[in-house]
Amino acid sequence: FWSAYEQAGSSLSLFAEHKSHNVVFGFNFPASWYQSLPAIFVIMFAPMFAWLWIRLGSREPSSPTKFALGLVLVGLGMAILVPAALLAGDKGRVSPMWLVLTYLLHTFGELCLSPVGLSAMTKLSPTRVVSLMMGVFFLSISIGDYLSGRAASLYATLPLPMLFGVMAVFALIAAFILFLLVKPTVRLMSGVK
């Protein structure tokens, strides 16, 4: 998840700079402004997600299901950029809405995964090692960031549709594998949401 999500600061920023038509209602804006979108979306939609999980009550998806949903959303966000990269070609530019939709899906994925992951670490860890397990959770984010940087280093050498497509496929395959493992994991977690 994190290796695709953290493309925001690298390959997505380069795509915004070189392949997006950064104009809205005649107003030109710098590509760096896209970096604000995830924070804005979190502020806008976090209360909705919190309300949704509470509203679902006993039908609330398990933590592994939310993790898989986060992977699906980040994969779809990357998949959306495949046709955008094809439309932009070598010299063209595409609508900023491609990136806005990608960032929106990535943020929805983060809202399914990040707070749920932190909560699951505290609930599932033995009391003596809760802080260690929280550190391991954050270590997973740093590993994802490292892999993100390695993938972004291919921006100049790999065709963009292929780069975005590979990232999407890996995220969707990971989600599929996690969905297959959800039922046994839910039994092991014995009701932990």
# chains A, B, ... in the order shown; residues from 1 in each chain; ligands from 1
$ select_by_dssp --residues "region 13-91 of chain A" --states "strand (DSSP E)" --output "JSON, numbers by chain"
{"A": [23, 24, 27, 28]}
$ residues_around --residues "Thr65 (chain A)" --least-positions-apart "4" --cutoff "9 Å" --atoms "only C-alpha atoms" --output "list in words"
Pro61, Leu69, Gly70, Ala175, Leu178, Phe179, Val182 and Val186 of chain A
$ write_last_selection --atoms "N, CA, C and O atoms" --output "PDB file, in the first residue's frame"
ATOM      1  N   PRO A  61     -16.771  -4.100   8.524  1.00  0.00           N
ATOM      2  CA  PRO A  61     -15.773  -5.044   8.005  1.00  0.00           C
ATOM      3  C   PRO A  61     -14.630  -5.235   9.017  1.00  0.00           C
ATOM      4  O   PRO A  61     -14.317  -4.333   9.789  1.00  0.00           O
ATOM      5  N   LEU A  69      -9.376  -3.519   1.275  1.00  0.00           N
ATOM      6  CA  LEU A  69     -10.096  -2.434   0.596  1.00  0.00           C
ATOM      7  C   LEU A  69      -9.153  -1.261   0.327  1.00  0.00           C
ATOM      8  O   LEU A  69      -9.197  -0.647  -0.740  1.00  0.00           O
ATOM      9  N   GLY A  70      -8.280  -0.949   1.280  1.00  0.00           N
ATOM     10  CA  GLY A  70      -7.284   0.101   1.076  1.00  0.00           C
ATOM     11  C   GLY A  70      -6.380  -0.214  -0.100  1.00  0.00           C
ATOM     12  O   GLY A  70      -6.061   0.670  -0.913  1.00  0.00           O
ATOM     13  N   ALA A 175      -4.246  -7.162  -2.698  1.00  0.00           N
ATOM     14  CA  ALA A 175      -5.603  -7.109  -2.143  1.00  0.00           C
ATOM     15  C   ALA A 175      -6.309  -8.446  -2.331  1.00  0.00           C
ATOM     16  O   ALA A 175      -6.970  -8.944  -1.417  1.00  0.00           O
ATOM     17  N   LEU A 178      -4.968 -10.892   0.110  1.00  0.00           N
ATOM     18  CA  LEU A 178      -5.469 -10.569   1.445  1.00  0.00           C
ATOM     19  C   LEU A 178      -6.930 -10.973   1.586  1.00  0.00           C
ATOM     20  O   LEU A 178      -7.325 -11.501   2.630  1.00  0.00           O
ATOM     21  N   PHE A 179      -7.752 -10.762   0.555  1.00  0.00           N
ATOM     22  CA  PHE A 179      -9.145 -11.201   0.603  1.00  0.00           C
ATOM     23  C   PHE A 179      -9.230 -12.715   0.794  1.00  0.00           C
ATOM     24  O   PHE A 179     -10.094 -13.202   1.506  1.00  0.00           O
ATOM     25  N   VAL A 182      -8.615 -13.411   4.441  1.00  0.00           N
ATOM     26  CA  VAL A 182      -9.429 -12.696   5.424  1.00  0.00           C
ATOM     27  C   VAL A 182     -10.191 -13.647   6.335  1.00  0.00           C
ATOM     28  O   VAL A 182     -10.180 -13.495   7.545  1.00  0.00           O
ATOM     29  N   VAL A 186      -9.843 -13.547  10.318  1.00  0.00           N
ATOM     30  CA  VAL A 186     -10.930 -13.067  11.156  1.00  0.00           C
ATOM     31  C   VAL A 186     -11.181 -14.052  12.294  1.00  0.00           C
ATOM     32  O   VAL A 186     -11.386 -13.656  13.431  1.00  0.00           O
TER      33      VAL A 186
END
$ select_by_dssp --residues "chain A" --states "helix (DSSP H, G or I)" --output "PyMOL selection string"
chain A and resi 2-9+11-19+31-59+63-88+97-124+127-152+160-189
$ residues_around --residues "Ser95 (chain A)" --least-positions-apart "3" --cutoff "7 Å" --atoms "only C-alpha atoms" --output "ChimeraX atom specification"
/A:20-21,98
$ closest_residue --among "A:Trp2, A:Phe170, A:Tyr146, A:Phe108" --to "Phe49 (chain A)" --atoms "only C-alpha atoms"
A:Phe108
$ residues_around --residues "Ala120 (chain A)" --least-positions-apart "4" --cutoff "12 Å" --atoms "only C-alpha atoms" --output "ChimeraX atom specification"
/A:62-64,66-67,113-116,124-126,130,133-134,137,189,191-193
$ residues_around --residues "Val72 (chain A)" --least-positions-apart "3" --cutoff "7 Å" --atoms "only C-alpha atoms" --output "ChimeraX atom specification"
/A:68-69,75-76,171-172,175
$ residues_around --residues "Thr107 (chain A)" --least-positions-apart "4" --cutoff "9 Å" --atoms "only C-alpha atoms" --output "ChimeraX atom specification"
/A:5,37-39,41-42,45,70,73-74,102-103,111-112
$ residues_around --residues "Ser10 (chain A)" --least-positions-apart "2" --cutoff "9 Å" --atoms "only C-alpha atoms" --output "JSON, numbers by chain"
{"A": [6, 7, 8, 12, 13, 14, 15, 148, 149, 152, 153, 155]}
$ decode --residues "region 162-177 of chain A" --atoms "all heavy atoms" --output "CSV table (one decimal), in the first residue's frame"
chain,number,residue,atom,x,y,z
A,162,MET,N,3.1,1.8,-18.2
A,162,MET,CA,3.6,0.6,-17.6
A,162,MET,C,3.9,0.8,-16.2
A,162,MET,O,3.6,-0.1,-15.3
A,162,MET,CB,4.9,0.1,-18.4
A,162,MET,CG,5.4,-1.2,-17.9
A,162,MET,SD,6.8,-1.8,-18.8
A,162,MET,CE,6.1,-2.2,-20.3
A,163,LEU,N,4.6,1.9,-15.8
A,163,LEU,CA,4.9,2.2,-14.4
A,163,LEU,C,3.7,2.2,-13.5
A,163,LEU,O,3.6,1.5,-12.5
A,163,LEU,CB,5.7,3.5,-14.3
A,163,LEU,CG,6.0,3.9,-12.8
A,163,LEU,CD1,7.0,3.0,-12.2
A,163,LEU,CD2,6.6,5.3,-12.9
A,164,PHE,N,2.7,3.0,-14.0
A,164,PHE,CA,1.4,3.1,-13.2
A,164,PHE,C,0.7,1.7,-13.2
A,164,PHE,O,0.1,1.3,-12.2
A,164,PHE,CB,0.6,4.2,-13.7
A,164,PHE,CG,1.2,5.6,-13.6
A,164,PHE,CD1,1.0,6.5,-14.6
A,164,PHE,CD2,1.9,5.9,-12.4
A,164,PHE,CE1,1.6,7.8,-14.4
A,164,PHE,CE2,2.5,7.2,-12.3
A,164,PHE,CZ,2.3,8.1,-13.3
A,165,GLY,N,0.7,1.1,-14.4
A,165,GLY,CA,0.0,-0.2,-14.5
A,165,GLY,C,0.6,-1.3,-13.6
A,165,GLY,O,-0.1,-2.0,-12.9
A,166,VAL,N,1.9,-1.4,-13.5
A,166,VAL,CA,2.6,-2.3,-12.6
A,166,VAL,C,2.3,-2.1,-11.2
A,166,VAL,O,2.0,-3.0,-10.4
A,166,VAL,CB,4.1,-2.3,-12.9
A,166,VAL,CG1,4.9,-3.1,-11.8
A,166,VAL,CG2,4.4,-3.0,-14.3
A,167,MET,N,2.3,-0.8,-10.8
A,167,MET,CA,2.0,-0.4,-9.4
A,167,MET,C,0.5,-0.8,-9.1
A,167,MET,O,0.2,-1.3,-8.0
A,167,MET,CB,2.1,1.1,-9.2
A,167,MET,CG,3.5,1.6,-9.4
A,167,MET,SD,4.7,1.7,-8.1
A,167,MET,CE,3.8,1.9,-6.6
A,168,ALA,N,-0.4,-0.6,-10.0
A,168,ALA,CA,-1.8,-0.9,-9.8
A,168,ALA,C,-2.0,-2.5,-9.7
A,168,ALA,O,-2.7,-2.9,-8.8
A,168,ALA,CB,-2.7,-0.4,-11.0
A,169,VAL,N,-1.3,-3.2,-10.6
A,169,VAL,CA,-1.4,-4.7,-10.6
A,169,VAL,C,-0.9,-5.2,-9.3
A,169,VAL,O,-1.5,-6.1,-8.7
A,169,VAL,CB,-0.7,-5.3,-11.8
A,169,VAL,CG1,-0.6,-6.8,-11.7
A,169,VAL,CG2,-1.5,-4.9,-13.1
A,170,PHE,N,0.2,-4.8,-8.8
A,170,PHE,CA,0.8,-5.3,-7.6
A,170,PHE,C,-0.2,-5.0,-6.4
A,170,PHE,O,-0.4,-5.9,-5.6
A,170,PHE,CB,2.2,-4.7,-7.3
A,170,PHE,CG,3.3,-5.4,-7.9
A,170,PHE,CD1,4.1,-4.8,-8.9
A,170,PHE,CD2,3.5,-6.8,-7.7
A,170,PHE,CE1,5.1,-5.5,-9.5
A,170,PHE,CE2,4.5,-7.5,-8.3
A,170,PHE,CZ,5.3,-6.8,-9.2
A,171,ALA,N,-0.7,-3.8,-6.3
A,171,ALA,CA,-1.7,-3.5,-5.3
A,171,ALA,C,-2.9,-4.4,-5.3
A,171,ALA,O,-3.4,-4.9,-4.3
A,171,ALA,CB,-2.0,-2.0,-5.3
A,172,LEU,N,-3.4,-4.6,-6.5
A,172,LEU,CA,-4.7,-5.4,-6.7
A,172,LEU,C,-4.4,-6.8,-6.4
A,172,LEU,O,-5.2,-7.5,-5.8
A,172,LEU,CB,-5.3,-5.1,-8.1
A,172,LEU,CG,-5.8,-3.7,-8.3
A,172,LEU,CD1,-6.2,-3.5,-9.8
A,172,LEU,CD2,-7.0,-3.4,-7.4
A,173,ILE,N,-3.2,-7.3,-6.8
A,173,ILE,CA,-2.9,-8.7,-6.5
A,173,ILE,C,-2.7,-8.9,-5.0
A,173,ILE,O,-3.2,-9.9,-4.4
A,173,ILE,CB,-1.6,-9.2,-7.2
A,173,ILE,CG1,-1.9,-9.4,-8.7
A,173,ILE,CG2,-1.0,-10.4,-6.6
A,173,ILE,CD1,-0.7,-9.6,-9.5
A,174,ALA,N,-2.1,-7.9,-4.3
A,174,ALA,CA,-1.9,-8.0,-2.8
A,174,ALA,C,-3.3,-8.0,-2.2
A,174,ALA,O,-3.6,-8.7,-1.2
A,174,ALA,CB,-1.1,-6.8,-2.3
A,175,ALA,N,-4.2,-7.2,-2.7
A,175,ALA,CA,-5.6,-7.1,-2.1
A,175,ALA,C,-6.3,-8.4,-2.3
A,175,ALA,O,-7.0,-8.9,-1.4
A,175,ALA,CB,-6.4,-6.0,-2.8
A,176,PHE,N,-6.2,-9.0,-3.5
A,176,PHE,CA,-6.8,-10.3,-3.8
A,176,PHE,C,-6.3,-11.4,-2.8
A,176,PHE,O,-7.0,-12.2,-2.2
A,176,PHE,CB,-6.5,-10.8,-5.2
A,176,PHE,CG,-7.1,-12.1,-5.6
A,176,PHE,CD1,-8.5,-12.3,-5.7
A,176,PHE,CD2,-6.3,-13.2,-5.8
A,176,PHE,CE1,-9.0,-13.5,-6.0
A,176,PHE,CE2,-6.8,-14.4,-6.1
A,176,PHE,CZ,-8.1,-14.6,-6.2
A,177,ILE,N,-5.0,-11.4,-2.6
A,177,ILE,CA,-4.4,-12.4,-1.7
A,177,ILE,C,-4.9,-12.2,-0.3
A,177,ILE,O,-5.2,-13.1,0.4
A,177,ILE,CB,-2.8,-12.3,-1.7
A,177,ILE,CG1,-2.3,-12.9,-3.1
A,177,ILE,CG2,-2.2,-13.1,-0.6
A,177,ILE,CD1,-0.9,-12.6,-3.4
